[in-house]
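Visitor: To start, I am sharing the structure in question, which I have written as structure tokens.
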Amino acid sequence: MRHARHLLLPAALLIAACQPQTSAPEQDPAATPPPAASVPPPAVDAPAADTAGATGAAGGTMPEGMGPAPATISATAELKPTQGNQTAGTLTFAPVDGGVRVTGQVSGLPPRSEHGFHVHENGDCSAPDASSAGGHFNPAATAHGRVGQGEHHAGDSDNITANEDGVATVDTLLQVVTLGDATGTDIIGKAVIVHADADDYTTQPTGNAGGRLACGVISAAR
Ligand code: CU
Ligand code: ZN
């Protein structure tokens, strides 16, 4: 009898080890007992947990230094049409040398049209015209301009261009911004705006890109 149990246990562990590939590991009851059984006496950790709890209650967020490595973070933004418009899209943000690369697609644009595309300072798309997103993200208080050609806002980007179907494929670089490092240049929690007109890269401080067709908040992806 004892012998049989010793044979069964390894078999059960083998099955458990194979299951996470086909079913959710966290919901697999067979996967939970071993860790729980091997860590019964951690009541000693209680004082440390109390300290962490106090810090968490005061700050509300993860203590600094405990976050994931910024280099591995990515983010997304779901662009939703402003009132009276049909422009929408999905964008992905990834850190690269010299800034953040933005890729994705934006649809619902006039065929073969060019549109200003910026990160704006407030992650708030609630206004019908997305005016709640504020102006271009500009932590260094620089002039509006074009990426790679002298001074520009951190939130400035090249225009996006729609194809004959009104779909723009986005692959652009944001310079002087960061992703998820909680510094002044971090674009997590900021908004992306697609404008009605092209950015002329010159007019201050907007590039004269016209109204706002779509807005989305940049959120960390996990
Ligand atoms: Cu803009
Ligand atoms: Zn600008």
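Within each chain, counting starts at residue 1; across the structure tokens, chains are named A, B, ... in the order shown, with ligands numbered 1 upward in that order.
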Show me which residues sit within 12 Å of ligand 2 when counting only C-alpha atoms and all ligand atoms, and put them as a PyMOL selection string.
Guide: chain A and resi 116-121+134-147+151-159+174-175+192-193+199-209
Visitor: Find the residue from A:Ala162, A:Ala182, A:Ala94, A:Val176 that sits nearest to Ala198 of chain A; use only C-alpha atoms when measuring.
Guide: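 Checking each candidate against Ala198 of chain A, we get A:Ala162 as the closest.
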Visitor: Fewer than 5 positions away in the same chain doesn't count, so skip those; otherwise give me all residues within 10 Å of Lys80 of chain A, counting only C-alpha atoms, as a ChimeraX atom specification.
Guide: /A:85-90,106,125,130,193-194,213-217
Visitor: How many Å lie between atom CA of Phe93 of chain A and atom CA of Ser219 of chain A, rounded to one decimal?
Guide: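 Value for the atom CA of Phe93 of chain A-atom CA of Ser219 of chain A distance: 9.3 Å.
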Visitor: Just the number, please: distance in Å from atom CA of Val167 of chain A to atom CA of Ser107 of chain A, one decimal.
Guide: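 Atom-to-atom, atom CA of Val167 of chain A to atom CA of Ser107 of chain A, that is 4.3 Å.
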